[in-house]
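Okay, so here's the structure we're looking at.
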Amino acid sequence: MVTERIDAQLPGAVLDRHAFRGDETVVVAGERFLEVVDFIFGEGFQLLVDVTAVDLETRDPRFDVVYHFLNLASQARLRIKLPVAEAAPVPSLVSRFKSADWAEREVFDLFGIPFEGHPNLKRLLMWEDFPGHPLRKDFPLDGGDPFCSQDIGASYAPEARTLNP
Amino acid sequence: MGNLTLDDSVMTTRLDSVVNWARKNSLWPLPFGTACCAIEFMSMMASRYDFSRFGAEALRFSPRQSDMLLVLGTITNKQAPVLRQIYAQMAEPKWVVAVGVCASSGGMYRTYATLQGIDRVVPVDVYVPGCPPRPETMIYGVMELQKKITRETLMGRKEHIERFYQSLARQEERQRAQGLSSHQVVRDMVLEAGAAGAQQIW
Amino acid sequence: MATTPAPASTRPDGDRMIVNMGPSHPVTHGTLHIVLELEGEFIVKATPNIGYLHRGVEKLGENLSYQQFIPLTDRLNYCSSLMNNVGYTLAVEKLLGIQDPPRSQVLRVLCSELARIGDHLVCIGINAVDIGAFTAFLYLFKERETIYDLFEMMAGQRLHSSFTRIGGLFRDIPAEFEPLCEQFLESCPRTVDEMESLLTHNPIWADRTKGVGAITPENAISWGYTGPCLRAAGVPQDLRKAQPYLGYESYEFDIPVATTGDIYDRYLVRTEEMRQSLRIVRQCLDRLRQIGPGPVIIEDYKIALPPKEKVYTRMESLIHHFKLIMHGMEMPVGEVYGATEAANGELGFYIVSHGAKSPYRIHVRPPCYPIFNSFDEQVRGRIIADAVAVLGGMNVIAGELDR
């Protein structure tokens with residue numbers, strides 16, 4: 001398992017690792033992140049499938065930046081999660097994977113997580129002077145437009161997110 | 001050629017009628033295609049539904065050369081000023097058909113990013129519901145537009161077009177004054193109109 | 001191409017001019033904006049500007065139940081809606097740890113392959129129309145109408161069928177489906193042959209597409225390419241063979257792989273994929289006959305709605321129905337990434353669940369996103385006409401690009 005090899009090669013880099021429904025996940029500390037990425041690149045995980053983030057509003061550090069890698073030779077997948085605090089920069093992977101270009105820009109646009117070393121860190125999906133970062137949990141779904149959520153019943157309310165309201 | 005009398009070769013009518021007849025049977029669409037409705041539009045242009053029977057085969061992607069703006073698909077808040085500019089560039093007479101529920105009312109996307117109906121930013125003549133509307137529905141929508149055109153008068157510029165150009169002037173003034181992008185200014189205007197209870201910014 | 005030329009740039013770079021391609025343009029791939037910096041006819045830099053169809057699907061998903069998200073997935077890659085449905089429900093089923101019944105699996109494969117054929121028909125048709133070959137588009141759309149008839153028969157809607165449900169399918173196919181599908185299997189290869197006779201050995205088509213947009217396998221992998229564009233570059237990666245799902249390992253089909261990755265190769269790969277998909281559809285029909293009638297949705301009423309007869313006659317089923325609609329399914333806590341081979345490449349759904357009725361975070365990994373990211377590199381140094389051909393060959397669908 002590549003997660004075991006990461007642990008063996010770079011002790012202390014992995015904060016947590018687990019497997020769920022066949023997906024391997026490692027949680028990595030920010031300072032060791034680039035080392036882990038270089039190591040798995042050497043192991044064959046050369047296709048960066050996606051970069052995204054999750055806003056865990058009550059946890060500190062607030063965000064989890066999530067990377068998915070694919071190994072074309074062994075067809076193994078790996079997920080790397082990077083816990084990041086508010087406004088803390090994340091090292092950019094653009095120099096290693098060209099697909100990180102827009103993926104990181106999107107995370108910056110929608111979550112406000114800055115990427116250090118990105119050549120063109122501008123908003124991608126929203127317009128340049130859009131106020132706020134839409135996918136953060138404190139940003140309302142309707143963006144402040146009262147007309148948008150007019151006449152909608154309970155299913156769009158935040159309370160409906162819990163199983164037993 | 002035979003003996004043609006005056007009765008055979010001359011027809012008398014009103015100027016309004018003949019101009020409207022000509023206009024409604026040669027509506028050149030500008031397919032402002034953004035999303036899925038554009039695919040159904042392509043089906044409508046293809047052989048089975050054949051939109052060209054209505055005189056609308058000439059698709060002109062330039063606003064200067066078309067009469068009918070078919071808004072096909074979701075218009076997002078980022079796209080709203082673009083839609084306004086395209087509408088402004090069209091020469092009169094011009095009509096707008098909001099094809100699909102996304103263009104008519106925002107559709108299923110009641111979010112921060114989607115414009116809740118293009119009638120908030122441009123005047124609309126016909127709304128065609130459906131997600132996506134079948135090609136027959138879109139053809140029916142254009143036929144309704146044709147009926148509407150039959151009832152038009154040639155006197156004077158239409159009031160809604162005049163109001164639109166005034167709102168465009170207001171938008172440009174605001175952009176100059178505040179130094180914001182057109183997207184943000186249109187979004188602000190839409191939000192203010194919504195808060196004031198009005199739905200349109202024109 | 002309706003480009004709206006701006007006045008010549010004021011930079012002292014001689015002939016450099018900035019031209020906007022879009023956001024309203026006739027290249028009907030949905031709404032995109034590309035800022036082209038030109039020196040004469042040659043492109044010095046191409047900056048894609050996307051987000052004109054960003055509808056907030058991911059945030060909306062955080063407020064809807066898992067089942068309610070299915071119609072939103074339809075509208076991602078709207079040329080092949082069913083594949084998005086299948087991809088999403090497979091990801092949710094992975095999270096739940098369940099599997100749908102065998103008949104449903106075969107039907108899902110059947111729908112996916114029909115949708116794949118539909119997507120390639122549109123892609124090649126639009127690619128041809130952009131370059132000026134209008135006839136191919138009309139021939140291909142005639143075939144697409146038959147696919148629409150099949151979808152309408154199956155699900156009631158031509159384009160956005162929302163046919164799958166968590167745990168299976170909405171309903172079984174009617175009896176009239178099979179004869180029409182057989183008829184389709186006869187007529188589609190003839191149409192593809194007709195289209196090939198128009199394009200494949202056409203010197204104009206070859207001039208416009210050969211050598212344009214070529215990419216090396218290493219570069220393609222670095223850019224995150226998947227799907228026909230990656231296979232055209234020479235990498236034999238197809239999730240149906242590499243990481244099979246829905247029983248794809250038991251079907252006989254081949255993966256076309258080309259060499260240079262240019263637009264001509266992508267066209268050839270898509271054409272051959274259509275033929276292979278027809279093979280799979282034929283095998284699906286045979287398999288459906290073998291399996292015979294059976295359930296098309298899982299019979300666990302904590303996940304799938306019980307049939308109406310039971311809801312009306314048994315208290316327990318009524319309670320299950322009520323709980324499912326009002327409170328949603330009971331989801332485990334965890335996260336999954338479920339990927340399928342959509343028409344454009346790897347369509348992935350990353351779902352984070354905290355056990356609630358709605359996903360805590362749902363992210364769609366669109367296949368054409370990294371491919372369009374490489375647009376600048378693909379067209380730099382080429383002429384504007386090549387930019388149009390490359391855009392067509394990439395099959396950028398704005399619905400899935402911007403979500």
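So you can find residues: chains in the structure tokens are A, B, ... in the order shown, residues in each start at 1, and ligands are numbered from 1 in order.
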For chain B, list the residues within 8 Å of chain A, counting only C-alpha atoms, and write the list as a list in words.
Lys78, Arg110, Thr111, Tyr112, Ala113, Gln116, Leu180, Ser181, His183, Gln184, Leu191, Gly194 and Ala195 of chain B
If you run DSSP on the backbone here, which positions in region 243-282 of chain C get alpha helix (DSSP H)? Please write them as a ChimeraX atom specification.
/C:263-282
Residues within 9 Å of Glu377 (chain C), only C-alpha atoms, excluding chain neighbours under 5 positions, as a list in words:
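The contact residues come out as Lys45, Ala46 and Gly213 of chain C.
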Those residues with N, CA, C and O atoms, as a PDB file, in the first residue's frame please?
```pdb
ATOM      1  N   LYS C  45      -1.120  34.616 -27.607  1.00  0.00           N
ATOM      2  CA  LYS C  45      -1.561  34.118 -26.294  1.00  0.00           C
ATOM      3  C   LYS C  45      -3.073  33.978 -26.331  1.00  0.00           C
ATOM      4  O   LYS C  45      -3.768  34.821 -26.876  1.00  0.00           O
ATOM      5  N   ALA C  46      -3.575  32.916 -25.743  1.00  0.00           N
ATOM      6  CA  ALA C  46      -5.016  32.700 -25.664  1.00  0.00           C
ATOM      7  C   ALA C  46      -5.378  32.502 -24.207  1.00  0.00           C
ATOM      8  O   ALA C  46      -4.897  31.578 -23.572  1.00  0.00           O
ATOM      9  N   GLY C 213      -3.292  20.901 -32.663  1.00  0.00           N
ATOM     10  CA  GLY C 213      -3.618  20.471 -31.304  1.00  0.00           C
ATOM     11  C   GLY C 213      -2.968  19.181 -30.904  1.00  0.00           C
ATOM     12  O   GLY C 213      -3.463  18.472 -30.041  1.00  0.00           O
TER      13      GLY C 213
END
```
May I have the residues within 7 Å of Ala232 (chain C) as a PDB file with C-alpha atoms, in the first residue's frame, using only C-alpha atoms and disregarding those fewer than 3 positions away in the same chain?
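In the end it all went to selection.pdb:
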```pdb
ATOM      1  CA  PRO C 228     -10.791  10.410 -25.887  1.00  0.00           C
ATOM      2  CA  CYS C 229      -8.282  13.273 -25.861  1.00  0.00           C
ATOM      3  CA  VAL C 257      -5.933   4.551 -29.109  1.00  0.00           C
ATOM      4  CA  ALA C 258      -4.289   6.922 -31.575  1.00  0.00           C
ATOM      5  CA  THR C 259      -0.807   8.413 -31.779  1.00  0.00           C
ATOM      6  CA  THR C 260      -0.430  12.152 -32.126  1.00  0.00           C
ATOM      7  CA  GLY C 261      -3.322  13.573 -30.129  1.00  0.00           C
ATOM      8  CA  ASP C 265      -6.855  11.610 -34.140  1.00  0.00           C
ATOM      9  CA  ARG C 266      -9.464  12.702 -31.614  1.00  0.00           C
ATOM     10  CA  VAL C 269     -10.953   7.873 -31.670  1.00  0.00           C
TER      11      VAL C 269
END
```
Residues within 12 Å of Pro102 (chain C), please, as a CSV table (one decimal) with all heavy atoms, in the first residue's frame. Count only C-alpha atoms; anything in the same chain fewer than 4 positions from it doesn't count.
```csv
chain,number,residue,atom,x,y,z
C,106,VAL,N,-27.2,-3.8,-16.2
C,106,VAL,CA,-27.2,-3.9,-17.7
C,106,VAL,C,-27.8,-2.7,-18.3
C,106,VAL,O,-27.3,-2.2,-19.3
C,106,VAL,CB,-27.8,-5.2,-18.1
C,106,VAL,CG1,-27.9,-5.3,-19.6
C,106,VAL,CG2,-27.1,-6.4,-17.6
C,107,LEU,N,-29.0,-2.3,-17.7
C,107,LEU,CA,-29.7,-1.1,-18.3
C,107,LEU,C,-28.8,0.1,-18.2
C,107,LEU,O,-28.8,1.0,-19.1
C,107,LEU,CB,-31.0,-1.0,-17.6
C,107,LEU,CG,-32.1,-1.9,-18.2
C,107,LEU,CD1,-33.4,-1.8,-17.3
C,107,LEU,CD2,-32.5,-1.5,-19.6
C,108,ARG,N,-28.1,0.2,-17.1
C,108,ARG,CA,-27.3,1.4,-16.9
C,108,ARG,C,-26.2,1.4,-18.0
C,108,ARG,O,-25.8,2.5,-18.5
C,108,ARG,CB,-26.7,1.5,-15.5
C,108,ARG,CG,-27.6,2.0,-14.5
C,108,ARG,CD,-26.9,2.0,-13.1
C,108,ARG,NE,-27.8,2.6,-12.1
C,108,ARG,CZ,-27.4,2.8,-10.9
C,108,ARG,NH1,-26.1,2.5,-10.5
C,108,ARG,NH2,-28.2,3.4,-10.0
C,109,VAL,N,-25.6,0.3,-18.2
C,109,VAL,CA,-24.6,0.2,-19.3
C,109,VAL,C,-25.2,0.6,-20.6
C,109,VAL,O,-24.6,1.3,-21.4
C,109,VAL,CB,-23.9,-1.2,-19.3
C,109,VAL,CG1,-23.1,-1.4,-20.5
C,109,VAL,CG2,-23.1,-1.5,-18.1
C,167,GLY,N,-29.6,3.3,-6.0
C,167,GLY,CA,-30.0,1.9,-5.8
C,167,GLY,C,-30.6,1.3,-7.1
C,167,GLY,O,-30.9,0.1,-7.0
C,168,GLY,N,-30.6,2.0,-8.2
C,168,GLY,CA,-31.1,1.4,-9.4
C,168,GLY,C,-31.6,2.4,-10.3
C,168,GLY,O,-31.0,3.5,-10.6
C,169,LEU,N,-32.8,2.1,-10.9
C,169,LEU,CA,-33.4,2.9,-11.9
C,169,LEU,C,-34.7,3.3,-11.5
C,169,LEU,O,-35.4,2.7,-10.7
C,169,LEU,CB,-33.4,2.2,-13.3
C,169,LEU,CG,-32.1,1.7,-13.9
C,169,LEU,CD1,-32.4,0.9,-15.1
C,169,LEU,CD2,-31.3,2.9,-14.3
C,246,LEU,N,-20.0,-1.6,-13.0
C,246,LEU,CA,-21.3,-2.0,-13.7
C,246,LEU,C,-21.0,-3.3,-14.6
C,246,LEU,O,-21.7,-3.5,-15.5
C,246,LEU,CB,-21.8,-0.9,-14.6
C,246,LEU,CG,-22.5,0.3,-13.9
C,246,LEU,CD1,-23.0,1.3,-14.9
C,246,LEU,CD2,-23.7,-0.2,-13.1
C,247,GLY,N,-20.0,-4.1,-14.2
C,247,GLY,CA,-19.8,-5.3,-15.0
C,247,GLY,C,-19.2,-5.1,-16.4
C,247,GLY,O,-19.3,-6.0,-17.2
C,284,CYS,N,-25.7,-5.8,-24.6
C,284,CYS,CA,-26.7,-5.4,-23.5
C,284,CYS,C,-28.0,-6.0,-23.8
C,284,CYS,O,-28.7,-6.6,-23.0
C,284,CYS,CB,-26.8,-3.9,-23.3
C,284,CYS,SG,-25.4,-3.2,-22.5
C,287,ARG,N,-28.1,-9.6,-23.3
C,287,ARG,CA,-28.0,-9.9,-21.9
C,287,ARG,C,-29.4,-9.7,-21.2
C,287,ARG,O,-29.8,-10.4,-20.3
C,287,ARG,CB,-27.0,-9.0,-21.2
C,287,ARG,CG,-26.2,-9.7,-20.1
C,287,ARG,CD,-25.0,-9.0,-19.7
C,287,ARG,NE,-23.9,-9.3,-20.6
C,287,ARG,CZ,-22.6,-9.3,-20.2
C,287,ARG,NH1,-22.3,-8.9,-19.0
C,287,ARG,NH2,-21.7,-9.5,-21.1
C,288,LEU,N,-30.1,-8.6,-21.6
C,288,LEU,CA,-31.4,-8.3,-21.0
C,288,LEU,C,-32.3,-9.5,-21.3
C,288,LEU,O,-33.1,-9.8,-20.4
C,288,LEU,CB,-32.0,-7.0,-21.6
C,288,LEU,CG,-31.4,-5.7,-21.0
C,288,LEU,CD1,-31.9,-4.6,-21.8
C,288,LEU,CD2,-31.8,-5.6,-19.6
C,290,GLN,N,-31.4,-12.5,-21.7
C,290,GLN,CA,-31.0,-13.7,-20.8
C,290,GLN,C,-31.5,-13.5,-19.4
C,290,GLN,O,-32.0,-14.4,-18.8
C,290,GLN,CB,-29.5,-13.7,-20.8
C,290,GLN,CG,-28.8,-14.5,-21.8
C,290,GLN,CD,-27.3,-14.4,-21.7
C,290,GLN,OE1,-26.8,-13.6,-20.9
C,290,GLN,NE2,-26.6,-15.2,-22.4
C,291,ILE,N,-31.3,-12.3,-18.9
C,291,ILE,CA,-31.7,-12.1,-17.5
C,291,ILE,C,-33.2,-12.2,-17.3
C,291,ILE,O,-33.7,-12.6,-16.2
C,291,ILE,CB,-31.2,-10.7,-17.0
C,291,ILE,CG1,-29.7,-10.6,-16.9
C,291,ILE,CG2,-31.7,-10.4,-15.6
C,291,ILE,CD1,-29.1,-9.3,-16.5
C,292,GLY,N,-33.9,-11.7,-18.3
C,292,GLY,CA,-35.4,-11.7,-18.1
C,292,GLY,C,-35.9,-10.7,-17.2
C,292,GLY,O,-35.1,-9.8,-16.7
C,293,PRO,N,-37.2,-10.6,-17.0
C,293,PRO,CA,-37.7,-9.6,-16.1
C,293,PRO,C,-37.2,-9.7,-14.7
C,293,PRO,O,-37.0,-10.8,-14.2
C,293,PRO,CB,-39.2,-9.8,-16.2
C,293,PRO,CG,-39.5,-11.1,-16.8
C,293,PRO,CD,-38.2,-11.6,-17.5
C,294,GLY,N,-37.1,-8.6,-14.0
C,294,GLY,CA,-36.6,-8.6,-12.6
C,294,GLY,C,-36.7,-7.2,-12.1
C,294,GLY,O,-37.1,-6.3,-12.7
C,295,PRO,N,-36.2,-7.0,-10.8
C,295,PRO,CA,-36.3,-5.7,-10.2
C,295,PRO,C,-35.2,-4.8,-10.8
C,295,PRO,O,-34.1,-5.3,-11.2
C,295,PRO,CB,-36.0,-6.0,-8.7
C,295,PRO,CG,-35.2,-7.3,-8.7
C,295,PRO,CD,-35.7,-8.0,-9.9
C,296,VAL,N,-35.5,-3.5,-10.9
C,296,VAL,CA,-34.5,-2.6,-11.4
C,296,VAL,C,-34.1,-1.6,-10.3
C,296,VAL,O,-33.3,-0.7,-10.6
C,296,VAL,CB,-35.0,-1.8,-12.7
C,296,VAL,CG1,-35.1,-2.7,-13.9
C,296,VAL,CG2,-36.3,-1.1,-12.4
C,297,ILE,N,-34.5,-1.9,-9.1
C,297,ILE,CA,-34.0,-1.0,-8.0
C,297,ILE,C,-33.9,-1.9,-6.8
C,297,ILE,O,-34.6,-2.9,-6.6
C,297,ILE,CB,-35.0,0.2,-7.8
C,297,ILE,CG1,-34.3,1.2,-6.9
C,297,ILE,CG2,-36.3,-0.2,-7.3
C,297,ILE,CD1,-34.9,2.6,-7.0
C,298,ILE,N,-33.0,-1.5,-6.0
C,298,ILE,CA,-32.7,-2.3,-4.8
C,298,ILE,C,-33.9,-2.4,-3.9
C,298,ILE,O,-34.7,-1.4,-3.9
C,298,ILE,CB,-31.5,-1.6,-4.0
C,298,ILE,CG1,-30.9,-2.6,-3.0
C,298,ILE,CG2,-31.9,-0.3,-3.4
C,298,ILE,CD1,-29.6,-2.0,-2.4
```
Give me, as a list in words, all polymer residues having an atom no more than 7 Å from Val128 (chain B), counting only C-alpha atoms and skipping those fewer than 4 positions away in the same chain.
Ala98, Val99, Gly100, Met138 and Gly141 of chain B
Now that the selection is made, can you save its residues with C-alpha atoms as a PDB file, in the first residue's frame?
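Listed below is the output, part.pdb:
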```pdb
ATOM      1  CA  ALA B  98     -36.756  33.388 -23.203  1.00  0.00           C
ATOM      2  CA  VAL B  99     -36.400  29.710 -24.035  1.00  0.00           C
ATOM      3  CA  GLY B 100     -36.432  27.343 -21.121  1.00  0.00           C
ATOM      4  CA  MET B 138     -39.991  26.205 -29.017  1.00  0.00           C
ATOM      5  CA  GLY B 141     -43.226  29.856 -28.769  1.00  0.00           C
TER       6      GLY B 141
END
```
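For the choices A:Asp38, A:Asp50, A:Glu57, A:Asp138, the atom-to-atom distance to Trp102 (chain A) is smallest for A:Asp50 when using only C-alpha atoms.
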